[in-house]
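Visitor: Input: one structure, supplied below.
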Amino acid sequence: MKKTLFSFLLLSFVSLVCGAKPNGIDSSGLQLEWGKYEKIGKKLYGKEIVYENSDFVYVIEKENKNINLLFFEISKPHGLILSVYRSHGLIIINSNKLKFPKSDVKYEYSILKLGEIENKLYVFIKAHHPKTDEVKLLVQELASNGTQKGFIYEVDAGVATKSAGLFKKTKLTNFSVQLSPDGTKIGIVKFNSVQEDQPLSIGYKMLDASLKAVWSGSIELPYKQQFFDLTSYEMGNDGQLFLLGKAWKLEWKFGSSGKSKTKISKQKKGLPNYSYKCLIFEIKTKTLKQVDVGVKDSYVTDVSMRYLQDSNQLYLAGFFSEQWGSSIRGTFNKSIDVELAQVVQAKQKKFNQRFLELFLSSKKVKKLQGGKNGNYELANFRLDNLTIKEDGSALVVAEQYYVKMNTSSTVESDGFISTRTNYTYHYGDIVAVYINQNGEIRWTAKIPKHQISYNDGGPFSSYIINVERDKVYLVFNDHRNNVENWNEGKEIQKMGSPRSSITVVVSINNQGIMKREQLFSAKESNVVFRPKSSWYNRDTRGSNRIYLFGLNYKLFSRAKFKLGSLTFPRNTVSD
């Protein structure tokens, strides 16, 4: 390992090879527990964890009801099966297929959110009509064991729009559901389908625990669909809607007919042709305010937003670039006072030379610092997680991700040409940034990782995260030699075979001290960890436990599934 890694973070990296047992406590206080294996049915697929509380874990899976005939397949709507497990012991207590009202229309159903409010458990479901593209938002109360209670209510509905011209594009209405910051209400945002040349229209509802609407309405944004990319939203407790998006700078050109035409301005050297906008909409007063989210002399490439109810502020953090493109040169954060609609604190910091040299050659780093344009910044990173801790500090995490496409053609003996396209999915290094309570960027760390897969989307790649008071934990699949390689300062190896991989835990404390540990081996434990089935909408600070989706593959037999839990030590002391 390069000496620059140590001097950059001012820390000593320690790696423990602990070979944790399938169930038990390892030397770091991590407790791993697995439930029993279950067979995955022939017509079942897409099993995912969707919710957890102190008593239960909820898992959804789709039932494939398609009929396969000799030369074709008859497509039928998929069923949804909800299974409930005890959080301790991971024993399944109930599994039932969700039932919907009988109708002549065959809707396709998918779960948007499952969550609790005032001790009531609700599941929000999107119903899509594949022929008309009508979309409905449904809600159903559930018992703690997952059985349905009472009626299914239709909360809202929307229709699709189709663009004019030969190649028509269909745009659906979409819904998003989240709890209010104080946990007493349910916020629903409706992204209406509009033509590209029409202003963006967004509907909103705030429901109480009895599903009665506290507020409802819609807002038309001062941007047309084709010139504004909405990236995220937050809702306040008292009727506020916060929107974040990229607004393209425009210019008007007159054609030969005398009519004006609007188009996106060309990017000028050193100047972006877009700006990120934070829109603050007060539902009670129907007022809309805008705040520009820019970084001086640079391009904002990725940014995320959180609403802080105690201070009535919006906290934004992300990455910026000094060159045109999607690469990153440094990090920034801003705090916006909601009432004043003004930036009250802003910090930005470039990656220093030592950190850049963990990714780039010294030659490239010198060219970058000399102001030369080229492939000299960090490329293909996407912001995955922004967590605000209880003490006001923040953690920003991004992962490198890219796909390579290779198309080849072969001439058959009969003269026909067959074409095949292969996709290679790369999930690379992780970058973590720690920002203290005053907005100062204390450290930036590289977590070396390279996972590769082919034509599958990378189901065993990427990572899951849990944030404790003084530590962040990252769990992912790794090459079996990489704990030792990392400890000895060697280059890490690619993880391309999940069945022969190990699952590791990387922990980083508030001082930036990092540990990389083996949690279990896929071969020794007969468990292959699947991170993407373990992604679910959860507060990374809310629990010191995360749930793992495990698979078992054997030749000539159907895959089996089991649920695992990983418990982290609470109130730990920084190393």
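By order of appearance in the structure tokens: chains A, B, ..., then residues from 1 within every chain, and ligands from 1 in the order shown.
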When you look at A:Ala317 with a cut-off of 6 Å (counting only C-alpha atoms), what residues show up, excluding the ones that are within fewer than 4 positions of it in the same chain? I need them as a compact mmCIF listing (two decimals) with N, CA and C atoms, in the first residue's frame.
Guide:
# COMPACT_ATOMS: atom_id res chain seq x y z
N VAL A 303 -25.69 15.70 -6.05
CA VAL A 303 -26.03 16.33 -4.78
C VAL A 303 -27.25 15.64 -4.20
N SER A 304 -27.28 15.54 -2.88
CA SER A 304 -28.42 14.96 -2.18
C SER A 304 -28.90 15.93 -1.10
N PHE A 332 -18.70 19.21 -1.40
CA PHE A 332 -19.24 20.46 -0.87
C PHE A 332 -20.46 20.16 -0.02
N ASN A 333 -20.84 21.12 0.81
CA ASN A 333 -22.09 21.02 1.57
C ASN A 333 -22.65 22.42 1.79
Visitor: Mind checking which residues fall within 12 Å of A:Asn481, counting only C-alpha atoms, ignoring those fewer than 2 positions away in the same chain, and posting them as a compact mmCIF listing (two decimals) with C-alpha atoms, in the first residue's frame?
Guide:
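Output (out-v1.txt):
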# COMPACT_ATOMS: atom_id res chain seq x y z
CA VAL A 17 -8.97 -11.84 9.49
CA ASN A 477 -18.77 -9.36 -1.30
CA ASP A 478 -15.02 -9.47 -1.92
CA HIS A 479 -12.31 -11.66 -3.40
CA VAL A 483 -8.44 -8.90 3.38
CA GLU A 484 -4.87 -10.19 3.42
CA ASN A 485 -3.91 -8.17 0.32
CA TRP A 486 -5.27 -4.98 1.84
CA ASN A 487 -3.57 -5.61 5.16
CA GLU A 488 -0.22 -6.14 3.41
CA LYS A 490 -1.07 -5.10 -2.06
CA GLU A 491 -3.48 -4.30 -4.88
CA ILE A 492 -6.91 -5.83 -4.41
CA GLN A 493 -8.23 -8.52 -6.78
CA LYS A 494 -11.50 -8.45 -8.71
CA MET A 495 -14.45 -10.34 -7.26
CA SER A 500 -16.08 -18.41 -4.06
CA SER A 501 -16.19 -14.95 -2.49
CA ILE A 502 -16.06 -13.79 1.09
CA THR A 503 -18.39 -11.24 2.64
CA VAL A 504 -16.49 -8.46 4.42
CA GLU A 517 -12.73 -7.85 8.30
CA GLN A 518 -14.00 -11.11 6.90
CA SER A 521 -16.90 -17.31 3.45
Visitor: One decimal, Å: what's the distance from atom CA of A:Glu38 over to atom CA of A:Leu142, could you say?
Guide: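 Computed distance, atom CA of A:Glu38 to atom CA of A:Leu142, equals 23.8 Å.
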Visitor: Pick out each residue of stretch 327-482 of chain A that DSSP on the backbone tags as alpha helix (DSSP H); I need them as a short mmCIF file (atom, residue, chain, number, x, y, z; two decimals) with C-alpha atoms, in the first residue's frame.
Guide:
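Saved result, result21.cif, follows:
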data_model
loop_
_atom_site.label_atom_id
_atom_site.label_comp_id
_atom_site.auth_asym_id
_atom_site.auth_seq_id
_atom_site.Cartn_x
_atom_site.Cartn_y
_atom_site.Cartn_z
CA GLN A 353 -2.90 15.24 -3.98
CA ARG A 354 -2.45 12.31 -1.62
CA PHE A 355 -6.05 11.22 -1.99
CA LEU A 356 -6.06 11.63 -5.78
CA SER A 362 1.18 11.04 -10.35
CA LYS A 363 1.39 12.33 -13.92
CA LYS A 364 -2.38 12.73 -14.18
CA VAL A 365 -2.58 14.38 -10.77
CA LYS A 366 0.03 16.98 -11.78
CA LYS A 367 -1.87 17.75 -14.99
CA LEU A 368 -5.10 18.10 -13.04
CA GLN A 369 -3.54 20.44 -10.49
CA ASN A 482 -8.41 -9.17 -0.42
#
Visitor: To one decimal place, how far is atom CA of A:Asp229 from atom CA of A:Tyr274 in Å?
Guide: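 For atom CA of A:Asp229 relative to atom CA of A:Tyr274, the distance reads 10.4 Å.
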Visitor: If DSSP is run on the backbone, what residues of stretch 210-378 of chain A are strand (DSSP E)? A reply as a ChimeraX atom specification would be ideal.
Guide: /A:213-224,228-235,240-248,250-254,260-264,274-282,287-293,299-308,313-321,330-337,342-350
Visitor: Which polymer residues have any atom within 10 Å of an atom of A:Phe568, counting only C-alpha atoms, with same-chain residues fewer than 5 positions away left out, as JSON, numbers by chain?
Guide: {"A": [25, 28, 29, 30, 31, 32, 466, 467, 468, 471, 473, 543, 544, 545, 546]}
Visitor: Restricting the output to N, CA and C atoms, write the selected residues as a PDB file, in the first residue's frame.
Guide:
ATOM      1  N   ILE A  25     -20.491 -14.409  17.709  1.00  0.00           N
ATOM      2  CA  ILE A  25     -19.933 -13.072  17.884  1.00  0.00           C
ATOM      3  C   ILE A  25     -18.452 -13.128  17.553  1.00  0.00           C
ATOM      4  N   SER A  28     -14.769  -8.368  16.909  1.00  0.00           N
ATOM      5  CA  SER A  28     -15.113  -6.947  16.865  1.00  0.00           C
ATOM      6  C   SER A  28     -16.477  -6.664  17.480  1.00  0.00           C
ATOM      7  N   GLY A  29     -17.124  -7.668  18.028  1.00  0.00           N
ATOM      8  CA  GLY A  29     -18.441  -7.456  18.607  1.00  0.00           C
ATOM      9  C   GLY A  29     -19.559  -7.533  17.603  1.00  0.00           C
ATOM     10  N   LEU A  30     -19.267  -7.963  16.368  1.00  0.00           N
ATOM     11  CA  LEU A  30     -20.313  -8.134  15.360  1.00  0.00           C
ATOM     12  C   LEU A  30     -20.996  -9.478  15.593  1.00  0.00           C
ATOM     13  N   GLN A  31     -22.319  -9.471  15.610  1.00  0.00           N
ATOM     14  CA  GLN A  31     -23.062 -10.705  15.845  1.00  0.00           C
ATOM     15  C   GLN A  31     -23.831 -11.072  14.582  1.00  0.00           C
ATOM     16  N   LEU A  32     -23.508 -12.240  14.030  1.00  0.00           N
ATOM     17  CA  LEU A  32     -24.131 -12.722  12.802  1.00  0.00           C
ATOM     18  C   LEU A  32     -25.021 -13.911  13.112  1.00  0.00           C
ATOM     19  N   ASN A 466     -24.640   0.719   7.229  1.00  0.00           N
ATOM     20  CA  ASN A 466     -25.280   1.045   8.499  1.00  0.00           C
ATOM     21  C   ASN A 466     -24.426   2.083   9.215  1.00  0.00           C
ATOM     22  N   VAL A 467     -25.063   3.117   9.753  1.00  0.00           N
ATOM     23  CA  VAL A 467     -24.354   4.222  10.399  1.00  0.00           C
ATOM     24  C   VAL A 467     -24.660   4.197  11.888  1.00  0.00           C
ATOM     25  N   GLU A 468     -23.622   4.069  12.684  1.00  0.00           N
ATOM     26  CA  GLU A 468     -23.764   4.132  14.136  1.00  0.00           C
ATOM     27  C   GLU A 468     -23.318   5.512  14.618  1.00  0.00           C
ATOM     28  N   LYS A 471     -19.414   5.240  14.169  1.00  0.00           N
ATOM     29  CA  LYS A 471     -18.844   4.432  13.102  1.00  0.00           C
ATOM     30  C   LYS A 471     -19.824   4.292  11.951  1.00  0.00           C
ATOM     31  N   TYR A 473     -20.512   1.335   8.885  1.00  0.00           N
ATOM     32  CA  TYR A 473     -20.190  -0.030   8.478  1.00  0.00           C
ATOM     33  C   TYR A 473     -20.651  -0.249   7.037  1.00  0.00           C
ATOM     34  N   SER A 543     -31.363   1.687  13.590  1.00  0.00           N
ATOM     35  CA  SER A 543     -31.183   0.372  14.174  1.00  0.00           C
ATOM     36  C   SER A 543     -29.718  -0.020  14.070  1.00  0.00           C
ATOM     37  N   ASN A 544     -29.243  -0.762  15.063  1.00  0.00           N
ATOM     38  CA  ASN A 544     -27.871  -1.251  14.986  1.00  0.00           C
ATOM     39  C   ASN A 544     -27.830  -2.652  14.399  1.00  0.00           C
ATOM     40  N   ARG A 545     -28.856  -2.964  13.626  1.00  0.00           N
ATOM     41  CA  ARG A 545     -28.937  -4.274  12.986  1.00  0.00           C
ATOM     42  C   ARG A 545     -29.363  -4.110  11.534  1.00  0.00           C
ATOM     43  N   ILE A 546     -28.745  -4.875  10.657  1.00  0.00           N
ATOM     44  CA  ILE A 546     -29.184  -4.936   9.268  1.00  0.00           C
ATOM     45  C   ILE A 546     -29.436  -6.395   8.903  1.00  0.00           C
TER      46      ILE A 546
END
Visitor: Between A:Ser534, A:Glu399, A:Lys249, A:Ser87, which is the closest to A:Ser54 once you count only C-alpha atoms?
Guide: A:Ser87
Visitor: Residues near A:Gly458, anyone? I mean within 12 Å using only C-alpha atoms, not counting same-chain ones fewer than 5 positions away, as a list in words.
Guide: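 Within the cut-off, the hits are Tyr401, Tyr402, Val403, Tyr423, Thr424, Tyr425, His426, Tyr427, Gly428, His450, Gln451, Ile452, Ser453, Tyr463, Asn477, Met495, Gly496, Ser497, Pro498, Arg530, Pro531, Lys532 and Ser533 of chain A.
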Visitor: Go ahead and save the residues from that selection, with N, CA and C atoms, as a short mmCIF file (atom, residue, chain, number, x, y, z; two decimals), in the first residue's frame.
Guide:
data_model
loop_
_atom_site.label_atom_id
_atom_site.label_comp_id
_atom_site.auth_asym_id
_atom_site.auth_seq_id
_atom_site.Cartn_x
_atom_site.Cartn_y
_atom_site.Cartn_z
N TYR A 401 -19.41 3.08 -10.46
CA TYR A 401 -20.25 2.13 -11.20
C TYR A 401 -20.22 2.48 -12.68
N TYR A 402 -19.99 1.47 -13.51
CA TYR A 402 -20.06 1.67 -14.96
C TYR A 402 -20.32 0.33 -15.65
N VAL A 403 -20.84 0.42 -16.88
CA VAL A 403 -21.17 -0.76 -17.67
C VAL A 403 -20.43 -0.67 -19.00
N TYR A 423 -22.85 -7.38 -21.82
CA TYR A 423 -22.72 -6.27 -20.88
C TYR A 423 -21.87 -6.73 -19.69
N THR A 424 -20.87 -5.92 -19.36
CA THR A 424 -20.01 -6.18 -18.21
C THR A 424 -20.27 -5.11 -17.17
N TYR A 425 -20.69 -5.53 -15.98
CA TYR A 425 -21.05 -4.60 -14.91
C TYR A 425 -19.91 -4.48 -13.92
N HIS A 426 -19.46 -3.25 -13.71
CA HIS A 426 -18.36 -2.97 -12.79
C HIS A 426 -18.89 -2.15 -11.61
N TYR A 427 -18.71 -2.68 -10.41
CA TYR A 427 -19.00 -1.94 -9.18
C TYR A 427 -17.66 -1.78 -8.47
N GLY A 428 -17.14 -0.54 -8.47
CA GLY A 428 -15.78 -0.32 -8.03
C GLY A 428 -15.66 0.26 -6.63
N HIS A 450 -13.59 -3.98 -6.13
CA HIS A 450 -13.89 -4.12 -7.55
C HIS A 450 -14.66 -5.42 -7.75
N GLN A 451 -15.94 -5.28 -8.06
CA GLN A 451 -16.81 -6.42 -8.32
C GLN A 451 -17.21 -6.39 -9.79
N ILE A 452 -17.20 -7.54 -10.43
CA ILE A 452 -17.46 -7.60 -11.86
C ILE A 452 -18.40 -8.77 -12.15
N SER A 453 -19.35 -8.56 -13.08
CA SER A 453 -20.26 -9.63 -13.48
C SER A 453 -20.70 -9.39 -14.92
N TYR A 463 -23.05 -2.80 -2.19
CA TYR A 463 -22.86 -2.92 -0.75
C TYR A 463 -24.12 -2.48 -0.02
N ASN A 477 -19.49 -8.16 -0.89
CA ASN A 477 -18.77 -9.36 -1.30
C ASN A 477 -17.41 -8.98 -1.86
N MET A 495 -13.52 -9.31 -7.70
CA MET A 495 -14.45 -10.34 -7.26
C MET A 495 -15.40 -10.63 -8.42
N GLY A 496 -15.21 -11.78 -9.06
CA GLY A 496 -16.05 -12.13 -10.20
C GLY A 496 -16.85 -13.39 -10.00
N SER A 497 -16.61 -14.09 -8.90
CA SER A 497 -17.30 -15.35 -8.62
C SER A 497 -17.91 -15.29 -7.23
N PRO A 498 -19.20 -14.95 -7.11
CA PRO A 498 -19.83 -14.85 -5.78
C PRO A 498 -19.75 -16.14 -4.98
N ARG A 530 -26.45 -11.57 -1.12
CA ARG A 530 -26.97 -10.81 -2.26
C ARG A 530 -27.38 -9.41 -1.78
N PRO A 531 -26.48 -8.42 -1.93
CA PRO A 531 -26.76 -7.08 -1.40
C PRO A 531 -28.02 -6.43 -1.97
N LYS A 532 -28.28 -6.61 -3.26
CA LYS A 532 -29.38 -5.87 -3.89
C LYS A 532 -30.74 -6.32 -3.38
N SER A 533 -30.84 -7.53 -2.86
CA SER A 533 -32.10 -7.95 -2.25
C SER A 533 -32.18 -7.49 -0.80
#
Visitor: Excluding stretch 394-397 of chain A and any residue of its chain fewer than 2 positions from it, enumerate the residues within 10 Å of it, using only C-alpha atoms, and give them as an MDAnalysis selection string.
Guide: chainID A and resid 303:304 315 317:319 331 333 381:392 399 430:437 439:441 444:445 465 467 472 510
Visitor: Quote the spacing between atom CA of A:Val189 and atom CA of A:Gly294 in Å to one decimal place.
Guide: 25.7 Å
Visitor: Can you pull out every residue within 10 Å of A:Asn526, counting only C-alpha atoms, but drop anything in the same chain fewer than 5 positions away, and send it as a list of chain:residue names?
Guide: A:Pro22, A:Arg499, A:Ser500, A:Phe520, A:Ser521, A:Gly550, A:Leu551, A:Asn552, A:Tyr553, A:Lys554
